[in-house]
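Pasting input_15.cif here (mmCIF, C-alpha atoms):
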data_query
loop_
_atom_site.label_atom_id
_atom_site.label_comp_id
_atom_site.auth_asym_id
_atom_site.auth_seq_id
_atom_site.Cartn_x
_atom_site.Cartn_y
_atom_site.Cartn_z
CA MET V 1 -7.23 -0.91 1.14
CA SER V 2 -5.98 1.19 -3.25
CA TRP V 3 -8.82 1.86 -5.42
CA GLU V 4 -8.35 5.50 -4.51
CA GLN V 5 -4.85 5.37 -5.80
CA GLN V 6 -6.13 6.63 -9.11
CA GLU V 7 -8.37 9.30 -7.57
CA TYR V 8 -6.51 12.23 -8.96
CA GLN V 9 -4.78 11.71 -12.26
CA GLN V 10 -2.10 14.21 -13.08
CA GLN V 11 -0.16 14.95 -16.19
CA GLY V 12 2.13 17.87 -15.67
CA TYR V 13 0.38 18.88 -12.46
CA ARG V 14 1.29 18.31 -8.85
CA GLN V 15 -0.95 15.87 -7.11
CA GLU V 16 -1.62 15.30 -3.43
CA GLY V 17 -2.54 12.16 -1.60
CA TYR V 18 -4.44 9.07 -2.27
CA GLU V 19 -6.32 6.43 -0.37
CA GLN V 20 -6.41 2.39 -0.72
CA PRO V 21 -6.53 -1.93 0.41
CA GLY V 22 -6.64 -5.26 4.17
CA HIS V 23 -6.51 -9.20 5.00
CA GLN V 24 -8.61 -11.44 7.05
CA GLN V 25 -11.28 -13.91 7.60
CA GLN V 26 -14.80 -13.58 6.41
CA GLY V 27 -16.53 -11.09 8.63
CA TYR V 28 -14.10 -9.62 11.13
CA GLY V 29 -11.26 -12.00 10.48
CA TYR V 30 -8.14 -11.37 8.42
CA GLU V 31 -6.41 -8.17 8.76
CA TYR V 32 -5.08 -6.47 5.94
CA GLY V 33 -5.86 -3.55 4.26
CA TYR V 34 -5.54 -2.26 1.29
CA SER V 35 -7.36 0.74 1.31
CA GLY V 36 -6.81 3.24 -0.62
CA TYR V 37 -4.86 6.37 -1.21
CA VAL V 38 -5.17 9.36 0.95
CA GLU V 39 -4.76 13.01 0.30
CA GLN V 40 -3.36 14.96 3.18
CA PRO V 41 -3.02 18.68 3.74
CA GLN V 42 0.54 19.90 4.08
CA PRO V 43 0.95 21.80 7.33
CA TYR V 44 2.76 24.69 5.72
CA SER V 45 -0.02 25.22 3.22
CA GLN V 46 -1.92 27.17 5.83
CA GLN V 47 1.10 29.06 7.13
CA GLN V 48 2.65 30.67 4.09
CA PRO V 49 1.53 31.70 0.61
CA TYR V 50 1.65 29.12 -2.09
CA SER V 51 4.18 31.16 -4.01
CA GLN V 52 6.62 30.92 -1.09
CA GLN V 53 6.30 27.20 -0.58
CA GLN V 54 9.24 25.03 -1.53
CA PRO V 55 8.18 22.68 -4.34
CA TYR V 56 9.05 19.01 -4.29
CA PRO V 57 11.61 17.68 -6.74
CA GLN V 58 10.14 17.12 -10.17
CA GLU V 59 10.56 13.35 -10.05
CA TYR V 60 8.49 13.30 -6.87
CA VAL V 61 5.75 15.46 -8.31
CA ASP V 62 5.55 13.44 -11.48
CA HIS V 63 4.68 10.28 -9.60
CA GLY V 64 0.92 10.16 -9.54
CA TYR V 65 -0.79 7.88 -7.12
CA SER V 66 -0.88 5.35 -9.86
CA GLY V 67 2.85 5.71 -10.08
CA GLN V 68 2.82 7.39 -13.45
CA GLY V 69 5.63 9.76 -14.31
CA VAL V 70 4.39 11.45 -17.45
CA GLU V 71 5.67 14.44 -19.30
CA PRO V 72 3.18 17.30 -19.16
CA GLU V 73 1.15 17.65 -22.29
CA PRO V 74 0.73 21.03 -23.93
CA PRO V 75 -2.50 22.77 -22.96
CA VAL V 76 -5.39 22.32 -25.33
CA ALA V 77 -8.83 23.79 -25.48
CA ALA V 78 -11.25 21.60 -23.59
CA ALA V 79 -14.94 21.10 -24.01
CA PRO V 80 -17.16 21.62 -20.98
CA ALA V 81 -16.55 18.73 -18.63
CA ASP V 82 -19.29 16.51 -17.31
CA ALA V 83 -19.43 15.39 -13.69
CA GLU V 84 -17.08 12.47 -14.23
CA ALA V 85 -14.51 14.59 -16.02
CA GLU V 86 -14.74 17.19 -13.29
CA GLU V 87 -13.93 14.49 -10.78
CA GLU V 88 -10.74 13.65 -12.64
CA LYS V 89 -9.38 17.21 -12.41
CA PRO V 90 -6.13 17.39 -10.48
CA PRO V 91 -6.41 19.20 -7.18
CA SER V 92 -5.83 22.92 -7.35
CA ARG V 93 -3.88 23.30 -4.12
CA LEU V 94 -1.06 21.78 -2.13
CA PRO V 95 2.03 20.63 -4.00
CA GLY V 96 3.33 17.09 -4.05
CA ARG V 97 2.11 13.88 -2.50
CA ASP V 98 2.32 12.82 1.10
CA ARG V 99 4.99 10.14 1.16
CA TYR V 100 4.41 9.63 4.89
CA PHE V 101 0.99 8.15 4.17
CA ASP V 102 2.33 6.40 1.07
CA THR V 103 4.86 4.68 3.30
CA LEU V 104 2.26 3.76 5.93
CA ARG V 105 0.17 2.09 3.26
CA ALA V 106 3.12 0.15 1.89
CA VAL V 107 4.08 -1.01 5.39
CA ALA V 108 0.46 -2.03 6.01
CA LEU V 109 0.44 -4.23 2.91
CA ILE V 110 3.73 -5.84 3.85
CA ARG V 111 2.43 -6.48 7.35
CA VAL V 112 -0.69 -8.15 5.96
CA VAL V 113 1.28 -10.54 3.78
CA THR V 114 3.59 -11.25 6.70
CA TYR V 115 0.68 -12.01 9.02
CA HIS V 116 -0.94 -14.32 6.50
CA THR V 117 2.34 -16.17 6.06
CA PHE V 118 3.42 -16.61 9.68
CA GLY V 119 0.16 -16.05 11.60
CA TRP V 120 1.90 -14.06 14.34
CA ALA V 121 -0.73 -12.94 16.85
CA TRP V 122 1.39 -9.97 17.91
CA ALA V 123 1.64 -8.56 14.38
CA GLY V 124 -1.57 -6.55 14.72
CA MET V 125 -0.25 -4.88 17.87
CA VAL V 126 3.03 -3.93 16.25
CA PHE V 127 1.18 -2.34 13.33
CA PRO V 128 -2.66 -2.39 13.09
CA SER V 129 -2.81 -2.38 9.30
CA MET V 130 -6.55 -2.28 8.90
CA GLY V 131 -7.00 0.63 11.28
CA VAL V 132 -4.31 2.53 9.40
CA MET V 133 -5.91 1.76 6.04
CA PHE V 134 -9.38 2.85 7.11
CA GLY V 135 -7.96 6.03 8.62
CA LEU V 136 -6.17 6.92 5.39
CA ALA V 137 -9.26 6.08 3.35
CA GLY V 138 -11.43 8.32 5.54
CA THR V 139 -9.07 11.23 4.99
CA LEU V 140 -9.26 10.97 1.22
CA MET V 141 -13.01 10.51 1.35
CA ALA V 142 -13.41 13.77 3.29
CA LYS V 143 -11.35 15.56 0.67
CA SER V 144 -13.24 13.97 -2.21
CA LEU V 145 -16.62 14.97 -0.79
CA GLU V 146 -15.83 18.57 -1.61
CA ARG V 147 -17.38 17.44 -4.90
CA PRO V 148 -20.94 16.11 -5.30
CA ALA V 149 -21.46 12.95 -3.26
CA ARG V 150 -22.96 10.97 -6.13
CA THR V 151 -19.92 11.67 -8.30
CA VAL V 152 -17.52 10.60 -5.55
CA VAL V 153 -19.38 7.39 -4.73
CA ARG V 154 -19.60 6.46 -8.39
CA SER V 155 -15.87 7.08 -8.79
CA ARG V 156 -14.99 4.92 -5.80
CA MET V 157 -17.09 2.03 -7.04
CA ARG V 158 -15.64 2.34 -10.52
CA ARG V 159 -12.12 2.07 -9.15
CA LEU V 160 -12.90 -0.77 -6.81
CA LEU V 161 -15.18 -3.10 -8.72
CA PRO V 162 -13.29 -3.86 -11.99
CA PRO V 163 -10.19 -5.20 -10.17
CA PHE V 164 -12.51 -7.16 -7.89
CA TRP V 165 -14.43 -8.61 -10.85
CA PHE V 166 -11.24 -9.52 -12.69
CA TRP V 167 -9.89 -11.34 -9.63
CA GLY V 168 -13.29 -12.87 -8.89
CA VAL V 169 -13.59 -14.53 -12.29
CA PHE V 170 -10.60 -16.75 -11.52
CA VAL V 171 -11.72 -17.54 -7.97
CA VAL V 172 -15.33 -18.30 -8.92
CA LEU V 173 -14.35 -20.48 -11.88
CA ALA V 174 -11.91 -22.42 -9.71
CA MET V 175 -14.60 -23.05 -7.08
CA LEU V 176 -17.11 -24.11 -9.75
CA VAL V 177 -14.58 -26.63 -11.04
CA HIS V 178 -14.31 -27.93 -7.47
CA ASP V 179 -18.03 -28.69 -7.15
CA TRP V 180 -19.33 -25.36 -5.84
CA LEU V 181 -23.04 -24.78 -6.52
CA PRO V 182 -23.87 -21.10 -5.88
CA GLY V 183 -27.30 -19.77 -5.00
CA TRP V 184 -28.77 -16.29 -5.35
CA GLN V 185 -26.03 -14.99 -3.03
CA ILE V 186 -23.70 -15.02 -6.02
CA VAL V 187 -24.89 -11.42 -6.57
CA TYR V 188 -22.38 -10.48 -3.86
CA TRP V 189 -19.67 -11.37 -6.35
CA ILE V 190 -20.97 -8.45 -8.42
CA VAL V 191 -21.34 -5.84 -5.68
CA PRO V 192 -19.82 -7.04 -2.38
CA LEU V 193 -22.24 -5.34 0.00
CA GLY V 194 -22.24 -8.67 1.83
CA ASP V 195 -19.59 -11.36 2.12
CA PRO V 196 -19.48 -13.19 -1.24
CA PRO V 197 -20.28 -16.91 -0.94
CA GLY V 198 -17.88 -19.71 -1.72
CA ASN V 199 -16.86 -23.22 -0.78
CA ALA V 200 -14.20 -24.45 1.59
CA TRP V 201 -11.80 -25.15 -1.28
CA GLY V 202 -11.46 -21.43 -2.06
CA GLU V 203 -11.94 -20.06 1.44
CA GLN V 204 -8.37 -18.89 1.92
CA ALA V 205 -8.70 -16.76 -1.21
CA TRP V 206 -12.11 -15.16 -0.64
CA GLU V 207 -12.14 -14.70 3.13
CA ILE V 208 -10.15 -11.46 2.79
CA LEU V 209 -13.12 -9.82 1.06
CA TRP V 210 -14.53 -8.57 4.37
CA TYR V 211 -12.31 -5.53 3.91
CA LEU V 212 -13.75 -4.63 0.51
CA ARG V 213 -17.26 -5.05 1.88
CA THR V 214 -16.55 -2.82 4.88
CA TYR V 215 -14.80 -0.21 2.76
CA LEU V 216 -17.69 -0.11 0.30
CA TRP V 217 -20.20 0.46 3.09
CA PHE V 218 -18.09 3.28 4.53
CA VAL V 219 -17.98 4.90 1.09
CA LEU V 220 -21.76 4.75 0.79
CA LEU V 221 -22.28 6.11 4.31
CA SER V 222 -19.62 8.82 4.18
CA PRO V 223 -21.79 11.68 2.83
CA VAL V 224 -24.01 11.36 5.90
CA LEU V 225 -21.19 10.56 8.32
CA LEU V 226 -19.21 13.63 7.25
CA LYS V 227 -22.19 15.95 7.74
CA VAL V 228 -22.81 14.54 11.21
CA PHE V 229 -19.12 14.81 12.09
CA ARG V 230 -18.94 18.47 11.12
CA LEU V 231 -21.84 19.34 13.42
CA ALA V 232 -19.69 18.50 16.48
CA PRO V 233 -16.30 17.09 15.43
CA VAL V 234 -14.71 16.12 18.75
CA PRO V 235 -17.85 14.66 20.40
CA VAL V 236 -18.71 12.68 17.27
CA LEU V 237 -15.15 11.36 17.03
CA LEU V 238 -15.20 10.17 20.63
CA LEU V 239 -18.70 8.71 20.33
CA SER V 240 -17.68 6.73 17.24
CA LEU V 241 -16.29 4.12 19.65
CA ALA V 242 -19.74 3.66 21.19
CA PRO V 243 -21.08 1.22 18.54
CA ILE V 244 -18.38 -1.38 19.22
CA VAL V 245 -19.07 -1.10 22.95
CA VAL V 246 -22.77 -1.69 22.26
CA VAL V 247 -21.98 -4.66 20.03
CA GLN V 248 -19.69 -6.16 22.64
CA PHE V 249 -21.75 -5.68 25.79
CA LEU V 250 -25.35 -4.74 25.01
CA TRP V 251 -26.44 -6.32 21.74
CA GLU V 252 -25.12 -9.35 19.90
CA PRO V 253 -25.38 -9.03 16.11
CA PRO V 254 -26.93 -11.93 14.19
CA ASP V 255 -24.56 -14.63 13.00
CA ASN V 256 -24.96 -13.86 9.31
CA ARG V 257 -23.79 -11.42 6.65
CA LEU V 258 -25.58 -8.51 8.29
CA GLY V 259 -24.03 -9.26 11.67
CA SER V 260 -20.54 -9.52 10.20
CA ALA V 261 -20.94 -6.23 8.36
CA LEU V 262 -22.24 -4.40 11.45
CA THR V 263 -19.40 -5.72 13.60
CA ASP V 264 -16.72 -4.65 11.14
CA LEU V 265 -18.30 -1.21 10.65
CA ALA V 266 -18.45 -0.72 14.42
CA THR V 267 -14.85 -1.89 14.84
CA PHE V 268 -13.32 0.56 12.38
CA LEU V 269 -15.79 3.46 12.54
CA PHE V 270 -13.48 5.50 14.76
CA CYS V 271 -10.55 5.15 12.33
CA TRP V 272 -12.71 6.24 9.40
CA ILE V 273 -14.04 9.28 11.31
CA LEU V 274 -10.47 9.99 12.44
CA GLY V 275 -9.62 10.41 8.78
CA PHE V 276 -12.28 13.14 8.60
CA ALA V 277 -10.76 14.79 11.66
CA HIS V 278 -7.32 14.79 10.11
CA ARG V 279 -8.55 16.20 6.83
CA ASP V 280 -10.51 19.00 8.50
CA GLY V 281 -7.59 19.98 10.73
CA VAL V 282 -9.35 18.94 13.93
CA LEU V 283 -6.43 16.82 15.15
CA GLU V 284 -3.97 19.64 14.64
CA ARG V 285 -6.01 21.94 16.88
CA LEU V 286 -6.27 19.50 19.80
CA LYS V 287 -4.01 19.92 22.82
CA ALA V 288 -1.03 17.59 22.73
CA PRO V 289 -1.38 16.23 26.30
CA ALA V 290 -5.03 15.28 25.73
CA VAL V 291 -4.27 13.50 22.47
CA VAL V 292 -1.31 11.56 23.85
CA VAL V 293 -3.01 10.59 27.13
CA LEU V 294 -6.28 9.49 25.51
CA SER V 295 -4.48 7.60 22.75
CA LEU V 296 -2.27 5.72 25.18
CA ALA V 297 -5.31 4.99 27.34
CA ALA V 298 -7.12 3.50 24.33
CA ILE V 299 -4.07 1.39 23.44
CA GLY V 300 -3.75 0.28 27.04
CA PHE V 301 -7.40 -0.72 27.29
CA GLY V 302 -7.29 -2.57 23.97
CA GLY V 303 -4.18 -4.49 24.99
CA TRP V 304 -5.57 -5.28 28.44
CA TYR V 305 -8.84 -6.55 26.98
CA ALA V 306 -7.04 -8.71 24.42
CA PHE V 307 -4.77 -10.38 26.95
CA THR V 308 -7.50 -10.90 29.56
CA HIS V 309 -9.96 -12.48 27.11
CA GLN V 310 -7.72 -15.06 25.47
CA ALA V 311 -9.87 -17.84 26.89
CA GLU V 312 -12.70 -16.82 24.57
CA THR V 313 -10.67 -17.03 21.37
CA GLY V 314 -7.59 -18.99 22.34
CA SER V 315 -5.33 -16.07 21.42
CA TYR V 316 -4.72 -12.38 22.01
CA ASP V 317 -4.84 -11.78 18.24
CA LEU V 318 -6.68 -8.49 17.71
CA ASP V 319 -8.31 -9.89 14.58
CA ASP V 320 -10.33 -12.23 16.76
CA ILE V 321 -11.32 -9.64 19.40
CA PRO V 322 -13.23 -6.71 17.82
CA LEU V 323 -13.38 -4.54 20.96
CA ALA V 324 -9.63 -4.81 21.53
CA GLN V 325 -8.99 -4.16 17.84
CA ALA V 326 -11.18 -1.06 17.88
CA PHE V 327 -9.48 0.57 20.88
CA TRP V 328 -5.92 -0.46 20.00
CA SER V 329 -6.35 0.81 16.44
CA ALA V 330 -8.04 4.00 17.66
CA GLY V 331 -5.12 4.95 19.89
CA TYR V 332 -2.40 3.82 17.50
CA VAL V 333 -3.78 5.50 14.38
CA THR V 334 -4.60 8.68 16.29
CA LEU V 335 -0.94 9.03 17.28
CA LEU V 336 0.21 8.41 13.71
CA MET V 337 -2.16 10.99 12.22
CA TRP V 338 -1.73 13.52 15.02
CA ALA V 339 2.05 13.35 14.65
CA ARG V 340 1.65 13.98 10.92
CA SER V 341 -0.46 17.08 11.57
CA ARG V 342 1.45 18.34 14.59
CA PHE V 343 5.01 17.95 13.34
CA GLY V 344 4.51 18.18 9.58
CA ILE V 345 6.04 14.77 8.87
CA ASP V 346 5.96 14.19 5.13
CA PHE V 347 8.85 11.79 4.32
CA ALA V 348 9.75 13.99 1.35
CA TRP V 349 13.34 12.81 1.85
CA LEU V 350 12.24 9.43 0.51
CA THR V 351 12.45 10.78 -3.03
CA ARG V 352 16.24 10.95 -2.72
CA PHE V 353 16.30 7.16 -2.68
CA ARG V 354 14.92 6.39 -6.09
CA ARG V 355 14.59 2.62 -5.76
CA THR V 356 12.89 2.78 -2.38
CA ASP V 357 10.65 5.58 -3.57
CA ARG V 358 9.73 3.51 -6.64
CA VAL V 359 8.82 0.54 -4.45
CA VAL V 360 6.56 2.73 -2.31
CA THR V 361 4.94 4.10 -5.46
CA VAL V 362 4.28 0.62 -6.84
CA PHE V 363 2.76 -0.53 -3.55
CA ASN V 364 0.40 2.42 -3.52
CA SER V 365 -0.48 2.21 -7.20
CA ARG V 366 -1.15 -1.53 -7.05
CA ALA V 367 -2.59 -1.79 -3.54
CA VAL V 368 -5.85 -3.43 -4.66
CA THR V 369 -3.97 -5.93 -6.81
CA ILE V 370 -1.56 -6.81 -4.02
CA TYR V 371 -4.35 -7.17 -1.50
CA LEU V 372 -6.58 -9.35 -3.68
CA TRP V 373 -3.87 -11.60 -5.10
CA HIS V 374 -1.52 -12.04 -2.15
CA GLU V 375 -3.45 -14.96 -0.66
CA ILE V 376 -3.51 -16.75 -4.00
CA ALA V 377 0.24 -16.17 -4.25
CA LEU V 378 0.77 -17.76 -0.84
CA ILE V 379 -1.48 -20.67 -1.82
CA LEU V 380 0.49 -21.29 -5.01
CA ALA V 381 3.81 -21.04 -3.17
CA VAL V 382 3.13 -24.34 -1.39
CA PRO V 383 2.87 -26.67 -4.45
CA LEU V 384 5.70 -24.73 -6.11
CA ILE V 385 8.01 -25.42 -3.17
CA ASP V 386 6.88 -29.07 -3.24
CA ARG V 387 8.28 -29.21 -6.77
CA PHE V 388 11.61 -27.88 -5.55
CA TRP V 389 11.99 -30.91 -3.29
CA LYS V 390 12.26 -33.05 -6.41
CA VAL V 391 15.40 -31.21 -7.53
CA PRO V 392 18.42 -32.58 -5.59
CA ALA V 393 20.36 -29.31 -5.73
CA PHE V 394 17.39 -27.33 -4.41
CA GLU V 395 16.77 -29.87 -1.68
CA LYS V 396 20.40 -29.65 -0.58
CA TRP V 397 21.02 -25.91 -0.76
CA LEU V 398 17.67 -24.20 -0.31
CA PRO V 399 15.82 -23.90 3.04
CA LEU V 400 12.68 -25.45 1.57
CA GLU V 401 11.17 -26.25 4.96
CA SER V 402 11.43 -22.64 6.18
CA GLN V 403 8.41 -20.36 6.29
CA TRP V 404 10.74 -17.51 5.41
CA PHE V 405 11.50 -19.26 2.15
CA MET V 406 7.76 -19.52 1.45
CA PHE V 407 7.47 -15.83 2.36
CA GLY V 408 10.07 -14.99 -0.28
CA ILE V 409 8.45 -17.18 -2.93
CA GLY V 410 5.10 -15.59 -2.07
CA TRP V 411 6.46 -12.13 -2.80
CA ILE V 412 7.92 -13.28 -6.09
CA LEU V 413 4.48 -14.55 -7.10
CA ILE V 414 2.87 -11.32 -5.89
CA ALA V 415 5.24 -9.42 -8.16
CA VAL V 416 4.17 -11.64 -11.05
CA PHE V 417 0.51 -10.89 -10.34
CA VAL V 418 1.27 -7.17 -10.16
CA LEU V 419 2.83 -7.36 -13.62
CA LEU V 420 0.06 -9.53 -15.10
CA CYS V 421 -3.01 -8.06 -13.41
CA GLY V 422 -2.13 -4.60 -12.12
CA TRP V 423 -3.12 -2.90 -15.35
CA VAL V 424 -6.77 -3.45 -14.40
CA GLU V 425 -6.38 -0.73 -11.79
CA ASP V 426 -5.23 1.68 -14.50
CA VAL V 427 -8.21 0.81 -16.67
CA ALA V 428 -10.56 1.25 -13.72
CA GLY V 429 -9.08 4.70 -13.14
CA LYS V 430 -9.45 5.63 -16.82
CA LYS V 431 -5.71 5.76 -17.32
CA LYS V 432 -3.36 4.31 -19.86
CA PRO V 433 -2.44 0.79 -18.67
CA GLN V 434 1.11 0.42 -17.40
CA LEU V 435 3.11 -2.71 -16.77
CA LEU V 436 4.76 -1.20 -13.72
CA PRO V 437 3.99 2.33 -12.47
CA GLY V 438 6.39 4.88 -11.10
CA GLY V 439 9.00 4.96 -13.84
CA ARG V 440 10.84 8.14 -14.67
CA PRO V 441 9.35 10.08 -17.55
CA ALA V 442 11.06 9.74 -20.89
CA ARG V 443 12.86 12.89 -21.96
CA MET V 444 13.89 14.23 -25.33
CA GLY V 445 17.50 13.52 -26.20
CA THR V 446 17.99 10.78 -23.60
#
This structure in structure tokens:
Amino acid sequence: MSWEQQEYQQQGYRQEGYEQPGHQQQGYGYEYGYSGYVEQPQPYSQQQPYSQQQPYPQEYVDHGYSGQGVEPEPPVAAAPADAEAEEEKPPSRLPGRDRYFDTLRAVALIRVVTYHTFGWAWAGMVFPSMGVMFGLAGTLMAKSLERPARTVVRSRMRRLLPPFWFWGVFVVLAMLVHDWLPGWQIVYWIVPLGDPPGNAWGEQAWEILWYLRTYLWFVLLSPVLLKVFRLAPVPVLLLSLAPIVVVQFLWEPPDNRLGSALTDLATFLFCWILGFAHRDGVLERLKAPAVVVLSLAAIGFGGWYAFTHQAETGSYDLDDIPLAQAFWSAGYVTLLMWARSRFGIDFAWLTRFRRTDRVVTVFNSRAVTIYLWHEIALILAVPLIDRFWKVPAFEKWLPLESQWFMFGIGWILIAVFVLLCGWVEDVAGKKKPQLLPGGRPARMGT
């Protein structure tokens, strides 16, 4: 779910990682993530001196998480930096960005939009987007907490809230026009520590906000969670599945905002802690057979529970079954992150395909925008297609009744929102606003 995309601005420096992002119903519902951008250690950084490492191509290095490709500025004397300026310093180690995680985040966003268009119950099993997004976000958070916790938390909120407020103005005004009378709970439209209220008219737009609420709580809790994790990494990682077991079998949370928040935190706690484990190198040190066997066991249990409890929800959709979601995501995301650490997968080859690489950069730089606006794009696609029926040529030659056609129109509208609204993410990250990030830097004489 990313607001972290702007975590480390670089101009003339190499930058690593990012975080971002999700989709769903209020509470545990929709699945899509948008998380954030995640910084990942390169395996070879611990195996050979920095001077011997092979740098990435310049066009790859120039792409910051926000997609900026900026010519390095000449060094200038700088005044002593305050805490916020210190936070913005580019990282001092590890060249390049991890395109493997960039690609995972882009795929997660595509999967969310796909799920919200077609409603395929099996989509979450093919790719558990929210688990992936929380895992990536946890990794970046562990890296960021090398700085003072207050500075990191303030930075995360600064990057998250302005895009949320900008989007929220349109949603709230639309609901007010359609006879919504808010109470004191409207404060959750300022800081979404609970599910923001709304009416049924705007439900499809605001029900995805469970992800932002869950992400924000993880950010606030991370300073404590990281300290506890580092006391006993492997036991804490394994025990992070205990809360969802308690919620499922021993204690039923209240049916309110608090209950929804606790359920979502319990569901994705393992993935967030797994991000810590990846960042600290814990996954890389684990024995391969144990990781593979336990991960497959978790996936197997999650799938078994989902298919054997369809009577309770009417579907095996993981979004409706928190326990199954927690275990399936735990096993799936563990394999993805362990493979990254174990085999050094970095997808650096992606930079050879400039258009594809640019698309991945845009997805990562505008993850919050895509996540927030994709439901509105799908909503607007319906009346737009209705207009097409009134044009005889369109009615004859276009597959107007196909959901795939609506899927395509939805992405066109998402692209429009990225162009019109994505600049808010740049402003939130204290960067120069860009229409579309990831362009090649301008060069003298060209």
Name the residues in contact with Trp217 of chain V at a cut-off of 10 Å, using all atoms listed in the file, excluding same-chain residues fewer than 6 positions from it; report them as a PDB file with C-alpha atoms, in the frame of the given file.
ATOM      1  CA  PRO V 192     -19.820  -7.040  -2.380  1.00  0.00           C
ATOM      2  CA  LEU V 193     -22.240  -5.340   0.000  1.00  0.00           C
ATOM      3  CA  GLY V 194     -22.240  -8.670   1.830  1.00  0.00           C
ATOM      4  CA  TYR V 211     -12.310  -5.530   3.910  1.00  0.00           C
ATOM      5  CA  ALA V 261     -20.940  -6.230   8.360  1.00  0.00           C
ATOM      6  CA  LEU V 262     -22.240  -4.400  11.450  1.00  0.00           C
ATOM      7  CA  LEU V 265     -18.300  -1.210  10.650  1.00  0.00           C
TER       8      LEU V 265
END
Evaluate the PyMOL selection byres ((chain V and resi 338-355) around 6) on the structure here and hand back the selected residues as a ChimeraX atom specification.
/V:43,98-100,283-284,334-337,356-358
Check which residues of segment 342-403 of chain V sit at most 10 Å from segment 164-174 of chain V using all atoms listed in the file, and return one row each with the closest pair of atoms and their distance in Å to one decimal, ordered by chain and rising number, as a Markdown table.
| residue | atom | partner | partner_atom | distance |
| --- | --- | --- | --- | --- |
| V:Val368 | CA | V:Phe164 | CA | 8.3 |
| V:Thr369 | CA | V:Trp167 | CA | 8.5 |
| V:Leu372 | CA | V:Trp167 | CA | 7.1 |
| V:Trp373 | CA | V:Trp167 | CA | 7.5 |
| V:Ile376 | CA | V:Val171 | CA | 9.2 |
Write out as an MDAnalysis selection string the residues lying within 9 Å of segment 246-258 of chain V, counting all atoms listed in the file and excluding same-chain residues fewer than 4 positions away.
chainID V and resid 27 194:195 242 262:263 266 322:323
Which residues of segment 289-309 of chain V come within 12 Å of segment 105-129 of chain V, and for each one, what is the closest pair of atoms and their distance in Å to one decimal, counting only C-alpha atoms, sorted by chain and residue number, as CSV?
residue,atom,partner,partner_atom,distance
V:Ile299,CA,V:Met125,CA,9.2
V:Gly300,CA,V:Met125,CA,11.1
V:Gly302,CA,V:Met125,CA,9.6
V:Gly303,CA,V:Met125,CA,8.1
V:Trp304,CA,V:Met125,CA,11.8
V:Ala306,CA,V:Met125,CA,10.2
V:Phe307,CA,V:Trp122,CA,10.9
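If you measure from each of V:Leu212, V:Asp102, V:Leu231, V:Gly198 to His178 of chain V using all atoms listed in the file, the closest one turns out to be V:Gly198.
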Measure the distance from atom CA of Arg366 of chain V to atom CA of Gly422 of chain V in Å and round it to one decimal.
6.0 Å
Measuring between only C-alpha atoms, which one of V:Leu136, V:Met157, V:Leu238, V:Val177 shows the shortest distance to Phe276 of chain V?
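Under the stated criterion, the closest residue is V:Leu136.
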Let me know the residues the PyMOL selection byres ((chain V and resi 425) around 8) catches in the file above, as JSON, numbers by chain.
{"V": [3, 6, 159, 162, 163, 366, 368, 369, 422, 423, 424, 426, 427, 428, 429]}
Only C-alpha atoms, please: the residues just picked out, written as a PDB file, in the coordinates of the input.
ATOM      1  CA  TRP V   3      -8.820   1.860  -5.420  1.00  0.00           C
ATOM      2  CA  GLN V   6      -6.130   6.630  -9.110  1.00  0.00           C
ATOM      3  CA  ARG V 159     -12.120   2.070  -9.150  1.00  0.00           C
ATOM      4  CA  PRO V 162     -13.290  -3.860 -11.990  1.00  0.00           C
ATOM      5  CA  PRO V 163     -10.190  -5.200 -10.170  1.00  0.00           C
ATOM      6  CA  ARG V 366      -1.150  -1.530  -7.050  1.00  0.00           C
ATOM      7  CA  VAL V 368      -5.850  -3.430  -4.660  1.00  0.00           C
ATOM      8  CA  THR V 369      -3.970  -5.930  -6.810  1.00  0.00           C
ATOM      9  CA  GLY V 422      -2.130  -4.600 -12.120  1.00  0.00           C
ATOM     10  CA  TRP V 423      -3.120  -2.900 -15.350  1.00  0.00           C
ATOM     11  CA  VAL V 424      -6.770  -3.450 -14.400  1.00  0.00           C
ATOM     12  CA  ASP V 426      -5.230   1.680 -14.500  1.00  0.00           C
ATOM     13  CA  VAL V 427      -8.210   0.810 -16.670  1.00  0.00           C
ATOM     14  CA  ALA V 428     -10.560   1.250 -13.720  1.00  0.00           C
ATOM     15  CA  GLY V 429      -9.080   4.700 -13.140  1.00  0.00           C
TER      16      GLY V 429
END
What gap, in Å, lies between atom CA of Pro437 of chain V and atom CA of Ala367 of chain V?
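Atom CA of Ala367 of chain V lies at a distance of 11.8 Å from atom CA of Pro437 of chain V.
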